[in-house]
There are 2 protein chains.
Amino acid sequence: MPKRVDHAERRTEIAEALVRVAGRRGLHAVGMRDVAAEAGVSLRLVQYYFETKEKLLLFGLEHLAARLGDRVAARVRAAGDNPGPRAMVEALLMAALPADDESRTFHHLYTSYAVLSVNDRALAAQPFIKNPNAAEDAVTETLRRAQEVDLLEPGLDARLEAVSLLAMSAGLGTSILVGQRSPESAAAVLQHHLDRIFRAHGGAASTQKAPE
Amino acid sequence: MPKRVDHAERRTEIAEALVRVAGRRGLHAVGMRDVAAEAGVSLRLVQYYFETKEKLLLFGLEHLAARLGDRVAARVRAAGDNPGPRAMVEALLMAALPADDESRTFHHLYTSYAVLSVNDRALAAQPFIKNPNAAEDAVTETLRRAQEVDLLEPGLDARLEAVSLLAMSAGLGTSILVGQRSPESAAAVLQHHLDRIFRAHGGAASTQKAPE
DNA sequence: AACATCATGGTACGTTCGTATCACAAACTG
DNA sequence: CAGTTTGTGATACGAACGTACCATGATGTT
């Protein structure tokens with residue numbers, strides 16, 4: 001049986017098993033044995049590809065962040081081949097809302113990791129500062145470009161608006177997660193705020209009606 | 001030694017020990033023995049006053065929510081004997097930001113519980129829907145009163161603004177918690193957004209200095 | 001004074017968890 | 001073909017955890 005095997009691929013499979021089972025039962029309740037069972041391999045194998053649980057968790061977080069990034073990028077791409085600034089920002093923010101099962105899991109686990117990172121130096125490093133900062137920069141840059149072609153209300157501070165939007169999106173995401181708010185109502189709140197920032201004008205391709 | 005003892009008081013002491021130790025080491029890492037040690041009692045005692053760990057956690061959450069409520073109320077009261085709507089909203093939102101150690105612990109643990117509540121029906125019930133809804137109602141009501149005396153920019157939807165503000169505050173809180181943003185910068189973002197909603201006018205006692 | 005009840009301590013039990021160990025077959029290397 | 005490396009299984013081990021059990025002194029009641 002033991003043929004040569006691609007470690008990276010194997011690790012990814014196991015990490016995805018981790019994400020699945022953690023999404024179902026909560027990150028705190030996941031053990032090595034659960035991950036092994038979910039991945040359909042033996043406990044020993046999980047140990048073999050990640051020597052320790054902490055390394056598994058760490059890799060799981062990186063994997064999760066990467067997948068989240070992919071997802072956002074896909075949404076932005078899906079907004080059209082040359083999307084306007086508003087459509088782009090909208091896609092980015094909406095992708096971050098836990099609307100479907102997959103993004104719900106993302107949000108749930110990302111928050112779980114965030115909580116762990118408060119007490120675990122190793123988890124804190126990258127994803128909770130670098131990634132949000134990247135998102136902030138991206139939104140800021142998009143807003144700046146919108147400003148240059150006069151698509152924004154005058155007198156706005158692009159970075160400040162970017163931070164506000166992302167904070168709002170994150171906060172709304174959490175309230176969806178705990179069941180306080182529906183995804184639709186959260187999306188409406190975001191739309192409303194975008195309406196306030198972007199100038200209303202005739203024929204743009206962004207504020208259509210009901211998204212999926 | 002065994003004299004008659006006030007159970008409620010005892011339970012509160014233990015719950016506060018739970019909050020302290022959980023704030024230090026993370027909720028996931030707290031066991032009965034840790035709580036007992038922190039409270040300076042025996043393991044048996046913790047078992048005696050809360051038969052099961054789940055009940056301890058549940059009570060801890062209730063206690064935390066109540067203390068958080070007290071804290072917000074105190075901040076609002078501290079805003080003056082008859083604070084204007086803006087000062088009131090400001091106090092409420094700022095109190096929710098993890099600026100000092102105590103509110104940092106609040107935010108940390110509240111988020112921990114929120115994550116647990118996704119998979120634990122018993123934890124979900126009250127605090128993550130009822131309390132936020134109450135806050136939302138309070139802010140909405142305050143904004144409505146501000147509208148009546150023409151303190152807001154015209155044409156705003158009070159409830160929508162309240163939701164936006166609270167979501168932003170929550171999102172900023174999390175980013176402070178994970179170390180992405182400073183409390184000062186988060187406060188500035190909130191102030192900026194309040195400036196946009198409330199009409200600028202001469203002598204209010206709220207929007208003092210410069211952001212960043 | 002006798003007795004029930006309350007508060008508390010100590011400790012044992014069964015489980016689960018992360019990790020380590022032993023064993024072995026397949027695949028590559030020379 | 002011999003030998004080393006690599007992938008995989010089964011299982012054992014020690015620690016920690018939540019809970020249960022047993023004991024006992026203090027308090028209140030009759």
# chains A, B, ... in the order shown; residues from 1 in each chain; ligands from 1

call {"tool": "calpha_fit_rmsd", "arguments": {"fixed": "chain B", "moving": "chain A"}}
result
1.4 Å

call {"tool": "interface_residues", "arguments": {"of": "chain D", "to": "chain A", "cutoff": "8 Å", "atoms": "only C-alpha atoms (C1' of nucleotides)", "output": "PyMOL selection string"}}
result
chain D and resi 6-9

call {"tool": "write_last_selection", "arguments": {"atoms": "C-alpha atoms (C1' of nucleotides)", "output": "compact mmCIF listing (two decimals), in the first residue's frame"}}
result
# COMPACT_ATOMS: atom_id res chain seq x y z
C1' DT D 6 8.64 6.12 3.83
C1' DG D 7 3.84 5.40 4.80
C1' DT D 8 0.58 3.14 7.72
C1' DG D 9 -1.70 0.44 11.51

call {"tool": "interface_residues", "arguments": {"of": "chain B", "to": "chain A", "cutoff": "6 Å", "atoms": "only C-alpha atoms", "output": "MDAnalysis selection string"}}
result
chainID B and resid 129 167:168 170:172 180

call {"tool": "residues_around", "arguments": {"residues": "stretch 88-103 of chain A", "least_positions_apart": "3", "cutoff": "6 Å", "atoms": "only C-alpha atoms (C1' of nucleotides)", "output": "number ranges by chain"}}
result
A: 72, 75-76, 85, 106, 173, 183

call {"tool": "residues_around", "arguments": {"residues": "A:Val46", "least_positions_apart": "3", "cutoff": "12 Å", "atoms": "only C-alpha atoms (C1' of nucleotides)", "output": "number ranges by chain"}}
result
A: 7, 10-15, 17-18, 31-43, 49-53, 55-57; C: 18-19; D: 7-8

call {"tool": "interface_residues", "arguments": {"of": "chain C", "to": "chain A", "cutoff": "12 Å", "atoms": "only C-alpha atoms (C1' of nucleotides)", "output": "list in words"}}
result
DT16, DC17, DG18, DT19, DA20, DT21, DC24, DA25, DA26, DA27 and DC28 of chain C

call {"tool": "closest_residue", "arguments": {"among": "B:Arg86, B:Arg67, B:Arg121, B:Arg104", "to": "B:Leu194", "atoms": "only C-alpha atoms"}}
result
B:Arg86

call {"tool": "select_by_dssp", "arguments": {"residues": "chain A", "states": "helix (DSSP H, G or I)", "output": "ChimeraX atom specification"}}
result
/A:7-25,27-29,32-39,43-49,53-78,85-96,101-119,121-124,130-148,158-177,183-197

call {"tool": "residues_around", "arguments": {"residues": "C:DT29", "least_positions_apart": "2", "cutoff": "12 Å", "atoms": "only C-alpha atoms (C1' of nucleotides)", "output": "list in words"}}
result
DA27 of chain C; DC1, DA2, DG3, DT4 and DT5 of chain D

call {"tool": "residues_around", "arguments": {"residues": "D:DC22", "least_positions_apart": "4", "cutoff": "12 Å", "atoms": "only C-alpha atoms (C1' of nucleotides)", "output": "VMD selection string"}}
result
chain C and resid 9 to 12

call {"tool": "decode", "arguments": {"residues": "stretch 29-65 of chain B", "atoms": "N, CA, C and O atoms", "output": "CSV table (one decimal), in the first residue's frame"}}
result
chain,number,residue,atom,x,y,z
B,29,ALA,N,-9.8,26.9,28.3
B,29,ALA,CA,-8.7,26.2,29.1
B,29,ALA,C,-9.1,26.2,30.6
B,29,ALA,O,-8.3,25.8,31.4
B,30,VAL,N,-10.3,26.5,30.9
B,30,VAL,CA,-10.7,26.6,32.3
B,30,VAL,C,-11.4,25.3,32.8
B,30,VAL,O,-12.4,24.9,32.1
B,31,GLY,N,-11.0,24.8,33.8
B,31,GLY,CA,-11.6,23.6,34.4
B,31,GLY,C,-12.2,23.9,35.8
B,31,GLY,O,-11.9,24.9,36.4
B,32,MET,N,-12.9,23.0,36.3
B,32,MET,CA,-13.5,23.2,37.6
B,32,MET,C,-12.4,23.4,38.7
B,32,MET,O,-12.6,24.3,39.5
B,33,ARG,N,-11.3,22.7,38.5
B,33,ARG,CA,-10.3,22.8,39.5
B,33,ARG,C,-9.7,24.2,39.5
B,33,ARG,O,-9.3,24.8,40.5
B,34,ASP,N,-9.5,24.8,38.3
B,34,ASP,CA,-9.0,26.1,38.2
B,34,ASP,C,-9.9,27.2,38.9
B,34,ASP,O,-9.4,28.0,39.6
B,35,VAL,N,-11.2,27.0,38.6
B,35,VAL,CA,-12.1,27.9,39.2
B,35,VAL,C,-12.1,27.8,40.7
B,35,VAL,O,-12.1,28.8,41.4
B,36,ALA,N,-12.1,26.6,41.2
B,36,ALA,CA,-12.0,26.4,42.7
B,36,ALA,C,-10.7,27.0,43.2
B,36,ALA,O,-10.8,27.8,44.2
B,37,ALA,N,-9.6,26.8,42.6
B,37,ALA,CA,-8.4,27.4,43.1
B,37,ALA,C,-8.5,28.9,43.1
B,37,ALA,O,-8.1,29.6,44.1
B,38,GLU,N,-9.0,29.5,42.0
B,38,GLU,CA,-9.1,30.9,41.9
B,38,GLU,C,-10.0,31.5,42.9
B,38,GLU,O,-9.7,32.6,43.5
B,39,ALA,N,-11.0,30.8,43.3
B,39,ALA,CA,-12.0,31.3,44.3
B,39,ALA,C,-11.5,31.0,45.7
B,39,ALA,O,-12.1,31.4,46.6
B,40,GLY,N,-10.5,30.2,45.8
B,40,GLY,CA,-9.9,29.8,47.1
B,40,GLY,C,-10.8,28.8,47.8
B,40,GLY,O,-10.8,28.8,49.1
B,41,VAL,N,-11.5,28.0,47.1
B,41,VAL,CA,-12.3,27.0,47.7
B,41,VAL,C,-11.9,25.6,47.2
B,41,VAL,O,-11.1,25.5,46.2
B,42,SER,N,-12.5,24.6,47.7
B,42,SER,CA,-12.2,23.3,47.2
B,42,SER,C,-13.0,22.9,46.0
B,42,SER,O,-14.1,23.5,45.8
B,43,LEU,N,-12.5,22.0,45.3
B,43,LEU,CA,-13.3,21.5,44.1
B,43,LEU,C,-14.7,21.1,44.5
B,43,LEU,O,-15.6,21.4,43.7
B,44,ARG,N,-14.8,20.4,45.6
B,44,ARG,CA,-16.1,19.9,46.0
B,44,ARG,C,-17.1,21.1,46.2
B,44,ARG,O,-18.3,20.9,45.9
B,45,LEU,N,-16.6,22.2,46.6
B,45,LEU,CA,-17.5,23.4,46.8
B,45,LEU,C,-18.1,23.9,45.5
B,45,LEU,O,-19.3,24.2,45.5
B,46,VAL,N,-17.2,23.9,44.5
B,46,VAL,CA,-17.7,24.4,43.2
B,46,VAL,C,-18.8,23.4,42.7
B,46,VAL,O,-19.8,23.8,42.2
B,47,GLN,N,-18.5,22.1,43.0
B,47,GLN,CA,-19.5,21.1,42.6
B,47,GLN,C,-20.8,21.3,43.4
B,47,GLN,O,-21.9,21.0,43.0
B,48,TYR,N,-20.6,21.7,44.7
B,48,TYR,CA,-21.8,21.8,45.6
B,48,TYR,C,-22.7,23.0,45.1
B,48,TYR,O,-23.9,22.8,45.1
B,49,TYR,N,-22.1,24.1,44.7
B,49,TYR,CA,-22.9,25.2,44.4
B,49,TYR,C,-23.4,25.2,42.9
B,49,TYR,O,-24.5,25.7,42.6
B,50,PHE,N,-22.6,24.6,42.1
B,50,PHE,CA,-23.1,24.3,40.7
B,50,PHE,C,-22.8,22.9,40.5
B,50,PHE,O,-21.7,22.4,40.4
B,51,GLU,N,-23.9,22.1,40.3
B,51,GLU,CA,-23.6,20.7,40.3
B,51,GLU,C,-22.8,20.3,39.1
B,51,GLU,O,-22.0,19.4,39.1
B,52,THR,N,-23.0,21.0,38.0
B,52,THR,CA,-22.3,20.6,36.8
B,52,THR,C,-21.6,21.7,36.1
B,52,THR,O,-21.8,22.9,36.4
B,53,LYS,N,-20.6,21.4,35.3
B,53,LYS,CA,-19.8,22.5,34.7
B,53,LYS,C,-20.7,23.3,33.8
B,53,LYS,O,-20.5,24.5,33.7
B,54,GLU,N,-21.5,22.7,33.1
B,54,GLU,CA,-22.4,23.4,32.2
B,54,GLU,C,-23.2,24.5,32.9
B,54,GLU,O,-23.3,25.6,32.5
B,55,LYS,N,-23.7,24.1,34.1
B,55,LYS,CA,-24.5,25.1,34.9
B,55,LYS,C,-23.6,26.2,35.3
B,55,LYS,O,-24.0,27.4,35.4
B,56,LEU,N,-22.4,25.9,35.7
B,56,LEU,CA,-21.4,26.9,36.1
B,56,LEU,C,-21.2,27.9,34.9
B,56,LEU,O,-21.2,29.1,35.1
B,57,LEU,N,-20.9,27.4,33.8
B,57,LEU,CA,-20.7,28.2,32.6
B,57,LEU,C,-21.9,29.1,32.3
B,57,LEU,O,-21.8,30.3,32.0
B,58,LEU,N,-23.1,28.5,32.4
B,58,LEU,CA,-24.3,29.2,32.1
B,58,LEU,C,-24.5,30.4,33.1
B,58,LEU,O,-24.8,31.5,32.7
B,59,PHE,N,-24.3,30.1,34.3
B,59,PHE,CA,-24.4,31.1,35.3
B,59,PHE,C,-23.3,32.2,35.1
B,59,PHE,O,-23.5,33.4,35.2
B,60,GLY,N,-22.1,31.7,34.7
B,60,GLY,CA,-21.1,32.7,34.4
B,60,GLY,C,-21.4,33.6,33.3
B,60,GLY,O,-21.2,34.8,33.4
B,61,LEU,N,-22.1,33.1,32.3
B,61,LEU,CA,-22.5,34.0,31.2
B,61,LEU,C,-23.5,35.0,31.6
B,61,LEU,O,-23.4,36.2,31.3
B,62,GLU,N,-24.5,34.5,32.4
B,62,GLU,CA,-25.5,35.4,32.9
B,62,GLU,C,-24.9,36.5,33.8
B,62,GLU,O,-25.2,37.7,33.6
B,63,HIS,N,-24.0,36.1,34.6
B,63,HIS,CA,-23.3,37.1,35.5
B,63,HIS,C,-22.5,38.1,34.6
B,63,HIS,O,-22.6,39.3,34.9
B,64,LEU,N,-21.9,37.6,33.6
B,64,LEU,CA,-21.1,38.5,32.8
B,64,LEU,C,-22.0,39.5,32.1
B,64,LEU,O,-21.6,40.7,32.0
B,65,ALA,N,-23.1,39.0,31.6
B,65,ALA,CA,-24.0,39.9,30.9
B,65,ALA,C,-24.5,41.0,31.8
B,65,ALA,O,-24.6,42.1,31.4
